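Source file protein.pdb; content: PDB, C-alpha atoms, pLDDT in the B column.
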ATOM      1  CA  ARG A  17       7.672 -18.230  -2.622  1.00 67.00           C
ATOM      2  CA  LYS A  18       5.629 -15.052  -2.327  1.00 75.00           C
ATOM      3  CA  GLU A  19       7.447 -11.769  -2.893  1.00 88.00           C
ATOM      4  CA  VAL A  20       6.699 -10.488   0.582  1.00 93.00           C
ATOM      5  CA  GLU A  21       5.325 -12.763   3.251  1.00 94.00           C
ATOM      6  CA  GLN A  22       4.012 -11.880   6.680  1.00 94.00           C
ATOM      7  CA  ASP A  23       2.282 -13.761   9.453  1.00 88.00           C
ATOM      8  CA  PRO A  24      -1.289 -12.459   9.156  1.00 86.00           C
ATOM      9  CA  GLY A  25      -1.952 -12.784  12.869  1.00 85.00           C
ATOM     10  CA  PRO A  26      -4.037 -11.694  14.551  1.00 92.00           C
ATOM     11  CA  PHE A  27      -1.793 -10.810  17.436  1.00 94.00           C
ATOM     12  CA  ASN A  28      -3.737 -10.017  20.594  1.00 96.00           C
ATOM     13  CA  VAL A  29      -1.582  -8.528  23.348  1.00 97.00           C
ATOM     14  CA  PRO A  30      -2.228  -6.640  26.582  1.00 97.00           C
ATOM     15  CA  GLU A  31      -1.206  -3.031  27.012  1.00 97.00           C
ATOM     16  CA  GLY A  32       2.434  -2.726  27.909  1.00 97.00           C
ATOM     17  CA  ALA A  33       3.468  -5.916  26.162  1.00 97.00           C
ATOM     18  CA  THR A  34       6.301  -6.225  23.691  1.00 97.00           C
ATOM     19  CA  VAL A  35       5.361  -7.678  20.331  1.00 96.00           C
ATOM     20  CA  ALA A  36       7.450  -8.553  17.288  1.00 95.00           C
ATOM     21  CA  PHE A  37       6.507  -9.071  13.674  1.00 93.00           C
ATOM     22  CA  ASN A  38       8.614 -10.698  11.014  1.00 94.00           C
ATOM     23  CA  CYS A  39       8.498 -10.451   7.265  1.00 95.00           C
ATOM     24  CA  THR A  40      10.392 -12.363   4.595  1.00 96.00           C
ATOM     25  CA  TYR A  41      11.049 -11.284   1.027  1.00 94.00           C
ATOM     26  CA  SER A  42      12.089 -13.246  -2.028  1.00 92.00           C
ATOM     27  CA  ASN A  43      13.950 -10.741  -4.204  1.00 88.00           C
ATOM     28  CA  SER A  44      17.567 -10.584  -3.093  1.00 88.00           C
ATOM     29  CA  ALA A  45      18.051  -7.477  -5.255  1.00 85.00           C
ATOM     30  CA  SER A  46      15.618  -5.454  -3.136  1.00 87.00           C
ATOM     31  CA  GLN A  47      17.097  -2.145  -2.061  1.00 83.00           C
ATOM     32  CA  SER A  48      14.587  -0.448   0.194  1.00 86.00           C
ATOM     33  CA  PHE A  49      12.467  -1.672   3.080  1.00 91.00           C
ATOM     34  CA  PHE A  50       9.685  -0.081   5.084  1.00 92.00           C
ATOM     35  CA  TRP A  51       6.941  -0.686   7.588  1.00 95.00           C
ATOM     36  CA  TYR A  52       3.563   0.928   6.957  1.00 96.00           C
ATOM     37  CA  ARG A  53       0.633   1.050   9.314  1.00 97.00           C
ATOM     38  CA  GLN A  54      -3.001   0.783   8.231  1.00 97.00           C
ATOM     39  CA  ASP A  55      -5.875   1.513  10.589  1.00 97.00           C
ATOM     40  CA  CYS A  56      -9.197  -0.197   9.992  1.00 94.00           C
ATOM     41  CA  ARG A  57     -10.869   1.140   6.839  1.00 92.00           C
ATOM     42  CA  LYS A  58      -8.182   3.772   6.395  1.00 96.00           C
ATOM     43  CA  GLU A  59      -5.275   4.261   4.036  1.00 97.00           C
ATOM     44  CA  PRO A  60      -1.753   2.923   4.705  1.00 96.00           C
ATOM     45  CA  LYS A  61       0.738   5.379   6.189  1.00 95.00           C
ATOM     46  CA  LEU A  62       4.495   5.132   6.509  1.00 93.00           C
ATOM     47  CA  LEU A  63       5.564   4.049   9.985  1.00 95.00           C
ATOM     48  CA  MET A  64       9.308   3.822   9.429  1.00 93.00           C
ATOM     49  CA  SER A  65      12.021   2.946   6.974  1.00 90.00           C
ATOM     50  CA  VAL A  66      14.268  -0.013   7.699  1.00 91.00           C
ATOM     51  CA  TYR A  67      18.017   0.503   7.467  1.00 86.00           C
ATOM     52  CA  SER A  68      20.722  -2.130   7.245  1.00 85.00           C
ATOM     53  CA  SER A  69      22.133  -1.181  10.619  1.00 86.00           C
ATOM     54  CA  GLY A  70      18.722  -1.309  12.274  1.00 87.00           C
ATOM     55  CA  ASN A  71      16.883   1.752  13.487  1.00 92.00           C
ATOM     56  CA  GLU A  72      14.715   2.873  16.326  1.00 93.00           C
ATOM     57  CA  ASP A  73      11.920   5.407  16.598  1.00 93.00           C
ATOM     58  CA  GLY A  74      10.650   5.697  20.121  1.00 96.00           C
ATOM     59  CA  ARG A  75       8.999   2.404  21.062  1.00 97.00           C
ATOM     60  CA  PHE A  76       9.494   0.985  17.577  1.00 97.00           C
ATOM     61  CA  THR A  77      12.617  -0.856  16.399  1.00 97.00           C
ATOM     62  CA  ALA A  78      13.121  -2.152  12.868  1.00 96.00           C
ATOM     63  CA  GLN A  79      15.819  -4.538  11.750  1.00 96.00           C
ATOM     64  CA  LEU A  80      16.934  -5.956   8.444  1.00 95.00           C
ATOM     65  CA  ASN A  81      18.749  -9.225   7.832  1.00 94.00           C
ATOM     66  CA  ARG A  82      19.829  -9.274   4.199  1.00 92.00           C
ATOM     67  CA  ALA A  83      21.461 -12.689   4.388  1.00 92.00           C
ATOM     68  CA  SER A  84      18.248 -14.327   5.532  1.00 93.00           C
ATOM     69  CA  GLN A  85      16.039 -11.866   3.666  1.00 94.00           C
ATOM     70  CA  TYR A  86      13.849 -10.882   6.526  1.00 92.00           C
ATOM     71  CA  ILE A  87      12.732  -7.725   8.234  1.00 95.00           C
ATOM     72  CA  SER A  88      11.408  -7.333  11.730  1.00 96.00           C
ATOM     73  CA  LEU A  89       9.440  -4.776  13.696  1.00 97.00           C
ATOM     74  CA  LEU A  90       9.482  -4.682  17.480  1.00 97.00           C
ATOM     75  CA  ILE A  91       6.969  -2.654  19.459  1.00 97.00           C
ATOM     76  CA  ARG A  92       7.729  -2.107  23.114  1.00 98.00           C
ATOM     77  CA  ASP A  93       5.280  -0.989  25.798  1.00 98.00           C
ATOM     78  CA  SER A  94       2.369  -1.360  23.391  1.00 97.00           C
ATOM     79  CA  LYS A  95      -0.512   1.109  23.594  1.00 98.00           C
ATOM     80  CA  LEU A  96      -4.166   0.736  22.678  1.00 97.00           C
ATOM     81  CA  SER A  97      -3.511   3.142  19.829  1.00 97.00           C
ATOM     82  CA  ASP A  98      -1.005   0.712  18.304  1.00 98.00           C
ATOM     83  CA  SER A  99      -3.916  -1.513  17.255  1.00 97.00           C
ATOM     84  CA  ALA A 100      -3.695  -1.633  13.462  1.00 97.00           C
ATOM     85  CA  THR A 101      -2.459  -3.721  10.573  1.00 96.00           C
ATOM     86  CA  TYR A 102       1.279  -3.502   9.983  1.00 97.00           C
ATOM     87  CA  LEU A 103       2.416  -3.847   6.388  1.00 96.00           C
ATOM     88  CA  CYS A 104       5.901  -4.909   5.391  1.00 95.00           C
ATOM     89  CA  VAL A 105       7.008  -3.168   2.186  1.00 92.00           C
ATOM     90  CA  VAL A 106       9.929  -4.040  -0.051  1.00 90.00           C
ATOM     91  CA  SER A 107      11.188  -2.452  -3.231  1.00 83.00           C
ATOM     92  CA  GLY A 108      11.598  -4.688  -6.245  1.00 68.00           C
ATOM     93  CA  GLY A 109      14.436  -4.755  -8.706  1.00 61.00           C
ATOM     94  CA  SER A 110      13.086  -1.485 -10.092  1.00 63.00           C
ATOM     95  CA  ASN A 111      13.236   0.824  -7.131  1.00 60.00           C
ATOM     96  CA  TYR A 112       9.850   2.424  -7.751  1.00 71.00           C
ATOM     97  CA  LYS A 113       8.014  -0.841  -7.407  1.00 77.00           C
ATOM     98  CA  LEU A 114       7.082  -1.219  -3.765  1.00 85.00           C
ATOM     99  CA  THR A 115       5.566  -4.600  -2.966  1.00 88.00           C
ATOM    100  CA  PHE A 116       3.345  -4.777   0.079  1.00 92.00           C
ATOM    101  CA  GLY A 117       2.871  -7.777   2.304  1.00 93.00           C
ATOM    102  CA  LYS A 118      -0.702  -8.610   3.250  1.00 94.00           C
ATOM    103  CA  GLY A 119      -0.140  -7.258   6.714  1.00 94.00           C
ATOM    104  CA  THR A 120      -0.176  -8.421  10.314  1.00 95.00           C
ATOM    105  CA  LEU A 121      -3.168  -7.460  12.429  1.00 95.00           C
ATOM    106  CA  LEU A 122      -2.356  -6.289  15.943  1.00 96.00           C
ATOM    107  CA  THR A 123      -4.933  -5.729  18.646  1.00 97.00           C
ATOM    108  CA  VAL A 124      -3.769  -4.254  21.941  1.00 97.00           C
ATOM    109  CA  ASN A 125      -6.202  -4.949  24.750  1.00 96.00           C
ATOM    110  CA  PRO A 126      -6.731  -2.930  27.951  1.00 95.00           C
TER     111      PRO A 126
ATOM    112  CA  ASP B  29      -1.725  21.056   2.935  1.00 65.00           C
ATOM    113  CA  ALA B  30      -4.158  18.942   0.978  1.00 83.00           C
ATOM    114  CA  GLY B  31      -3.250  15.310   0.697  1.00 94.00           C
ATOM    115  CA  VAL B  32      -4.050  12.950  -2.156  1.00 97.00           C
ATOM    116  CA  ILE B  33      -7.703  13.410  -3.026  1.00 97.00           C
ATOM    117  CA  GLN B  34      -9.732  10.542  -4.412  1.00 98.00           C
ATOM    118  CA  SER B  35     -13.301  10.372  -5.597  1.00 97.00           C
ATOM    119  CA  PRO B  36     -15.758   8.860  -5.230  1.00 98.00           C
ATOM    120  CA  ARG B  37     -15.179   7.501  -1.725  1.00 97.00           C
ATOM    121  CA  HIS B  38     -17.804   4.831  -2.241  1.00 97.00           C
ATOM    122  CA  GLU B  39     -19.402   3.469  -5.364  1.00 97.00           C
ATOM    123  CA  VAL B  40     -21.960   0.736  -5.780  1.00 98.00           C
ATOM    124  CA  THR B  41     -22.716  -0.277  -9.321  1.00 97.00           C
ATOM    125  CA  GLU B  42     -24.114  -3.137 -11.302  1.00 97.00           C
ATOM    126  CA  MET B  43     -22.127  -5.595 -13.331  1.00 97.00           C
ATOM    127  CA  GLY B  44     -21.440  -4.314 -16.808  1.00 96.00           C
ATOM    128  CA  GLN B  45     -21.456  -0.647 -15.884  1.00 97.00           C
ATOM    129  CA  GLU B  46     -18.513   1.658 -16.436  1.00 97.00           C
ATOM    130  CA  VAL B  47     -16.677   2.880 -13.340  1.00 98.00           C
ATOM    131  CA  THR B  48     -14.340   5.876 -13.261  1.00 98.00           C
ATOM    132  CA  LEU B  49     -12.191   6.579 -10.227  1.00 98.00           C
ATOM    133  CA  ARG B  50     -10.374   9.874  -9.882  1.00 98.00           C
ATOM    134  CA  CYS B  51      -7.231  11.034  -8.152  1.00 98.00           C
ATOM    135  CA  LYS B  52      -5.666  14.417  -7.521  1.00 97.00           C
ATOM    136  CA  PRO B  53      -2.041  14.026  -6.412  1.00 96.00           C
ATOM    137  CA  ILE B  54      -0.211  16.184  -3.921  1.00 94.00           C
ATOM    138  CA  SER B  55       1.192  19.220  -5.692  1.00 93.00           C
ATOM    139  CA  GLY B  56       4.807  18.650  -6.685  1.00 91.00           C
ATOM    140  CA  HIS B  57       4.654  14.873  -6.508  1.00 91.00           C
ATOM    141  CA  ASN B  58       5.755  13.498  -9.854  1.00 89.00           C
ATOM    142  CA  SER B  59       5.034   9.811  -9.296  1.00 90.00           C
ATOM    143  CA  LEU B  60       1.560   8.353  -9.041  1.00 93.00           C
ATOM    144  CA  PHE B  61       0.482   4.810  -8.290  1.00 94.00           C
ATOM    145  CA  TRP B  62      -2.867   3.053  -8.441  1.00 97.00           C
ATOM    146  CA  TYR B  63      -3.260   0.133  -6.021  1.00 96.00           C
ATOM    147  CA  ARG B  64      -6.111  -2.277  -5.404  1.00 97.00           C
ATOM    148  CA  GLN B  65      -6.687  -3.853  -1.985  1.00 97.00           C
ATOM    149  CA  THR B  66      -8.708  -6.962  -1.214  1.00 95.00           C
ATOM    150  CA  MET B  67      -8.707  -9.294   1.759  1.00 91.00           C
ATOM    151  CA  MET B  68      -7.522 -12.178  -0.377  1.00 90.00           C
ATOM    152  CA  ARG B  69      -4.711 -10.495  -2.287  1.00 91.00           C
ATOM    153  CA  GLY B  70      -3.744  -7.521  -0.141  1.00 92.00           C
ATOM    154  CA  LEU B  71      -2.420  -4.383  -1.852  1.00 94.00           C
ATOM    155  CA  GLU B  72      -1.583  -4.909  -5.514  1.00 93.00           C
ATOM    156  CA  LEU B  73       0.090  -2.343  -7.734  1.00 92.00           C
ATOM    157  CA  LEU B  74      -1.986  -1.766 -10.860  1.00 95.00           C
ATOM    158  CA  ILE B  75      -0.090   0.983 -12.660  1.00 95.00           C
ATOM    159  CA  TYR B  76       2.681   3.505 -12.069  1.00 92.00           C
ATOM    160  CA  PHE B  77       3.069   6.935 -13.707  1.00 93.00           C
ATOM    161  CA  ASN B  78       6.190   9.061 -13.578  1.00 90.00           C
ATOM    162  CA  ASN B  79       5.920  12.643 -14.840  1.00 91.00           C
ATOM    163  CA  ASN B  80       2.476  11.805 -16.286  1.00 93.00           C
ATOM    164  CA  VAL B  81       3.848   8.924 -18.367  1.00 93.00           C
ATOM    165  CA  PRO B  82       2.767   5.334 -17.664  1.00 93.00           C
ATOM    166  CA  ILE B  83       5.925   3.435 -16.769  1.00 90.00           C
ATOM    167  CA  ASP B  84       4.602   0.083 -15.651  1.00 89.00           C
ATOM    168  CA  ASP B  85       1.085  -1.205 -16.243  1.00 93.00           C
ATOM    169  CA  SER B  86       1.919  -4.867 -15.801  1.00 90.00           C
ATOM    170  CA  GLY B  87      -0.372  -5.054 -12.790  1.00 91.00           C
ATOM    171  CA  MET B  88      -3.472  -4.020 -14.703  1.00 95.00           C
ATOM    172  CA  PRO B  89      -5.570  -7.188 -14.571  1.00 88.00           C
ATOM    173  CA  GLU B  90      -7.010  -7.103 -18.066  1.00 85.00           C
ATOM    174  CA  ASP B  91      -8.159  -4.907 -20.909  1.00 91.00           C
ATOM    175  CA  ARG B  92     -11.232  -3.853 -18.987  1.00 96.00           C
ATOM    176  CA  PHE B  93      -8.945  -1.658 -16.887  1.00 97.00           C
ATOM    177  CA  SER B  94      -7.388   1.529 -18.184  1.00 97.00           C
ATOM    178  CA  ALA B  95      -5.676   4.482 -16.545  1.00 97.00           C
ATOM    179  CA  LYS B  96      -4.744   7.942 -17.715  1.00 97.00           C
ATOM    180  CA  MET B  97      -2.828  10.893 -16.386  1.00 97.00           C
ATOM    181  CA  PRO B  98      -3.518  13.803 -18.718  1.00 96.00           C
ATOM    182  CA  ASN B  99      -1.645  16.284 -16.529  1.00 94.00           C
ATOM    183  CA  ALA B 100       0.262  16.520 -13.266  1.00 93.00           C
ATOM    184  CA  SER B 101      -2.894  17.265 -11.302  1.00 94.00           C
ATOM    185  CA  PHE B 102      -5.219  14.487 -12.300  1.00 96.00           C
ATOM    186  CA  SER B 103      -5.435  10.782 -12.962  1.00 98.00           C
ATOM    187  CA  THR B 104      -8.272   8.381 -13.669  1.00 98.00           C
ATOM    188  CA  LEU B 105      -8.710   4.650 -13.411  1.00 98.00           C
ATOM    189  CA  LYS B 106     -11.521   3.262 -15.509  1.00 98.00           C
ATOM    190  CA  ILE B 107     -13.142  -0.162 -15.472  1.00 97.00           C
ATOM    191  CA  GLN B 108     -15.376  -1.012 -18.397  1.00 96.00           C
ATOM    192  CA  PRO B 109     -17.319  -3.246 -18.128  1.00 96.00           C
ATOM    193  CA  SER B 110     -17.162  -3.823 -14.382  1.00 96.00           C
ATOM    194  CA  GLU B 111     -17.527  -7.286 -12.839  1.00 96.00           C
ATOM    195  CA  PRO B 112     -18.264  -8.418  -9.263  1.00 97.00           C
ATOM    196  CA  ARG B 113     -14.669  -9.602  -8.838  1.00 96.00           C
ATOM    197  CA  ASP B 114     -13.527  -5.997  -9.292  1.00 97.00           C
ATOM    198  CA  SER B 115     -15.021  -5.164  -5.897  1.00 97.00           C
ATOM    199  CA  ALA B 116     -12.172  -3.782  -3.808  1.00 98.00           C
ATOM    200  CA  VAL B 117     -10.725  -0.616  -2.341  1.00 98.00           C
ATOM    201  CA  TYR B 118      -8.746   1.299  -4.948  1.00 98.00           C
ATOM    202  CA  PHE B 119      -6.006   3.547  -3.627  1.00 98.00           C
ATOM    203  CA  CYS B 120      -4.107   6.278  -5.386  1.00 97.00           C
ATOM    204  CA  ALA B 121      -0.696   7.081  -3.906  1.00 95.00           C
ATOM    205  CA  THR B 122       1.870   9.693  -4.842  1.00 93.00           C
ATOM    206  CA  THR B 123       5.455  10.572  -4.049  1.00 88.00           C
ATOM    207  CA  ARG B 124       8.402  12.585  -5.247  1.00 83.00           C
ATOM    208  CA  ALA B 125      10.735  10.377  -7.196  1.00 72.00           C
ATOM    209  CA  SER B 126      14.050  10.982  -8.824  1.00 63.00           C
ATOM    210  CA  GLY B 127      14.738   8.970 -11.930  1.00 52.00           C
ATOM    211  CA  GLY B 128      11.745   6.868 -11.090  1.00 47.00           C
ATOM    212  CA  ALA B 129      13.120   5.667  -7.770  1.00 50.00           C
ATOM    213  CA  ALA B 130      10.701   5.641  -4.880  1.00 56.00           C
ATOM    214  CA  THR B 131      11.785   7.568  -1.828  1.00 59.00           C
ATOM    215  CA  GLY B 132       9.826   5.249   0.344  1.00 64.00           C
ATOM    216  CA  GLU B 133       7.088   7.462   1.618  1.00 82.00           C
ATOM    217  CA  LEU B 134       4.029   6.957  -0.476  1.00 89.00           C
ATOM    218  CA  PHE B 135       1.177   9.269   0.426  1.00 92.00           C
ATOM    219  CA  PHE B 136      -2.118   7.455  -0.043  1.00 96.00           C
ATOM    220  CA  GLY B 137      -5.526   8.876  -0.664  1.00 97.00           C
ATOM    221  CA  GLU B 138      -8.406   7.665   1.461  1.00 97.00           C
ATOM    222  CA  GLY B 139      -9.381   5.166  -1.213  1.00 98.00           C
ATOM    223  CA  SER B 140     -12.417   4.467  -3.335  1.00 98.00           C
ATOM    224  CA  ARG B 141     -14.459   1.527  -2.098  1.00 98.00           C
ATOM    225  CA  LEU B 142     -16.049  -0.149  -5.099  1.00 98.00           C
ATOM    226  CA  THR B 143     -18.830  -2.705  -4.917  1.00 98.00           C
ATOM    227  CA  VAL B 144     -19.983  -4.324  -8.135  1.00 97.00           C
ATOM    228  CA  LEU B 145     -23.244  -6.226  -7.788  1.00 96.00           C
TER     229      LEU B 145
END

In structure tokens, write the structure found in this file.
Amino acid sequence: RKEVEQDPGPFNVPEGATVAFNCTYSNSASQSFFWYRQDCRKEPKLLMSVYSSGNEDGRFTAQLNRASQYISLLIRDSKLSDSATYLCVVSGGSNYKLTFGKGTLLTVNP
Amino acid sequence: DAGVIQSPRHEVTEMGQEVTLRCKPISGHNSLFWYRQTMMRGLELLIYFNNNVPIDDSGMPEDRFSAKMPNASFSTLKIQPSEPRDSAVYFCATTRASGGAATGELFFGEGSRLTVL
């Protein structure tokens, strides 16, 4: 099983749609979880951290299920500017070691 | 504030040549990471420095790769000799870390896109 696994997509959705991405991780000792966003030919940037109780930032909601070892990201009312690759990131047993999933490509269409 | 600065942004070289990639971290960030990104393998951690000391180089693919951090303001990743399969985008990322633990927000440079012919 890969350390961090994501559906690569692509996801093509119309503006205003709600879209959800899932990510699974293999290391049950992982402590920290994040979603990063990477625009085409740009560097990754932190979108949001993922907390055990779930957390929301505007149109974005992240959830963590430790028992099933998966993380989700929900985007509501999607905008054209949300088009990007979304990377699931999990810390390893050593907390500095952040392992990135390969990413899920989202395209929001007008 | 200046972010993480990488150079060169693009490099095209021939197989067998030496390649040196450079990174200037954000001032005050004591942890520095070198990542490589390809379509096939995604983002892979190559090496991690904390307070200028290499902590984990288990991701360095082979002896052709080496990295240094002579001071808090500068790091290099060197490939000698380069091979076509080294073609990738190489990212440097930095963060503040306490006891080596990542806070979560890695600040990435814009990357160095390497093509080895």

Legend entry - Å distance separating atom CA of Lys95 of chain A from atom CA of Thr40 of chain A, one decimal place: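 Rounded to one decimal, the two atoms are 25.7 Å apart.
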
Inset, instruction - Starting from the displayed file, determine the output of the ChimeraX specification (/A :<10) & /B and express the residue list as JSON, numbers by chain. - result: {"B": [59, 61, 65, 66, 67, 68, 69, 70, 71, 72, 73, 75, 76, 78, 83, 84, 117, 119, 120, 121, 123, 125, 126, 127, 128, 129, 130, 131, 132, 133, 134, 135, 136, 137, 138, 139, 141]}

Legend entry - Shell around Leu142 of chain B at 10 Å using only C-alpha atoms, local window under 5 positions removed, as JSON, numbers by chain: {"B": [36, 37, 38, 39, 40, 41, 47, 49, 112, 114, 115, 116, 117, 118]}

Legend entry - Nearest to Tyr41 of chain A by atom-to-atom distance, counting all atoms listed in the file, from A:Ser68, A:Gln22, A:Ser99, A:Asn125: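 Counting all atoms listed in the file, the residue closest to Tyr41 of chain A is A:Gln22.
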
Inset, instruction - Check which residues satisfy the PyMOL selection byres ((chain A and resi 26-29) around 7) in the file shown, then give them as a PyMOL selection string. - result: chain A and resi 24-25+30-31+33+120-125

Dump C-alpha atoms for the selected residues as a compact mmCIF listing (two decimals), in the frame of the given file?
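Output contents, as saved in out-v4.txt:
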# COMPACT_ATOMS: atom_id res chain seq x y z
CA PRO A 24 -1.29 -12.46 9.16
CA GLY A 25 -1.95 -12.78 12.87
CA PRO A 30 -2.23 -6.64 26.58
CA GLU A 31 -1.21 -3.03 27.01
CA ALA A 33 3.47 -5.92 26.16
CA THR A 120 -0.18 -8.42 10.31
CA LEU A 121 -3.17 -7.46 12.43
CA LEU A 122 -2.36 -6.29 15.94
CA THR A 123 -4.93 -5.73 18.65
CA VAL A 124 -3.77 -4.25 21.94
CA ASN A 125 -6.20 -4.95 24.75

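Across the structure, atom CA of Gly56 of chain B and atom CA of Ser101 of chain B are spaced 9.1 Å apart.
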
Inset, instruction - Evaluate the PyMOL selection byres ((chain B and resi 98) around 12) and record the selected residues as JSON, numbers by chain, following the chain and residue labels used in the document. - result: {"B": [50, 51, 52, 77, 78, 79, 80, 81, 82, 95, 96, 97, 99, 100, 101, 102, 103, 104, 105]}

Legend entry - Who sits within 12 Å of Glu72 of chain A, only C-alpha atoms, same chain under 5 positions skipped, as an MDAnalysis selection string: chainID A and resid 63:67 77:79 88:92

Restricting it to C-alpha atoms, dump the selection as an mmCIF file, in the frame of the given file.
data_model
loop_
_atom_site.group_PDB
_atom_site.id
_atom_site.type_symbol
_atom_site.label_atom_id
_atom_site.label_comp_id
_atom_site.auth_asym_id
_atom_site.auth_seq_id
_atom_site.Cartn_x
_atom_site.Cartn_y
_atom_site.Cartn_z
ATOM 1 C CA LEU A 63 5.564 4.049 9.985
ATOM 2 C CA MET A 64 9.308 3.822 9.429
ATOM 3 C CA SER A 65 12.021 2.946 6.974
ATOM 4 C CA VAL A 66 14.268 -0.013 7.699
ATOM 5 C CA TYR A 67 18.017 0.503 7.467
ATOM 6 C CA THR A 77 12.617 -0.856 16.399
ATOM 7 C CA ALA A 78 13.121 -2.152 12.868
ATOM 8 C CA GLN A 79 15.819 -4.538 11.750
ATOM 9 C CA SER A 88 11.408 -7.333 11.730
ATOM 10 C CA LEU A 89 9.440 -4.776 13.696
ATOM 11 C CA LEU A 90 9.482 -4.682 17.480
ATOM 12 C CA ILE A 91 6.969 -2.654 19.459
ATOM 13 C CA ARG A 92 7.729 -2.107 23.114
#

Inset, instruction - Counting only C-alpha atoms, figure out which residue out of A:Ala45, A:Cys56, A:Leu96, A:Cys104 gets nearest to Asp23 of chain A. - result: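 Smallest separation from Asp23 of chain A among the options: A:Cys104.
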
Inset, instruction - Between atom CA of Cys39 of chain A and atom CA of Thr101 of chain A, measure the distance and give it in Å to one decimal. - result: 13.3 Å

Inset, instruction - Counting only C-alpha atoms, figure out which residue out of B:Gly87, B:Ser55, B:Gln45, B:Arg113 gets nearest to Ile33 of chain B. - result: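 Among the listed residues, the smallest separation from Ile33 of chain B belongs to B:Ser55.
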
Take every atom of segment 136-140 of chain B listed in the file, fit an axis-aligned box around them, add 4 Å per side, and give the centre and edge lengths in Å to one decimal as lines of an AutoDock Vina configuration file.
center_x = -7.3
center_y = 6.7
center_z = -0.9
size_x = 18.3
size_y = 12.4
size_z = 12.8

Inset, instruction - Have a look at A:Glu21, A:Arg53, A:Ala83, A:Ser94 and name the one nearest to Asn38 of chain A; count all atoms listed in the file. - result: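 Going through A:Glu21, A:Arg53, A:Ala83, A:Ser94 one by one, the smallest distance to Asn38 of chain A is for A:Glu21.
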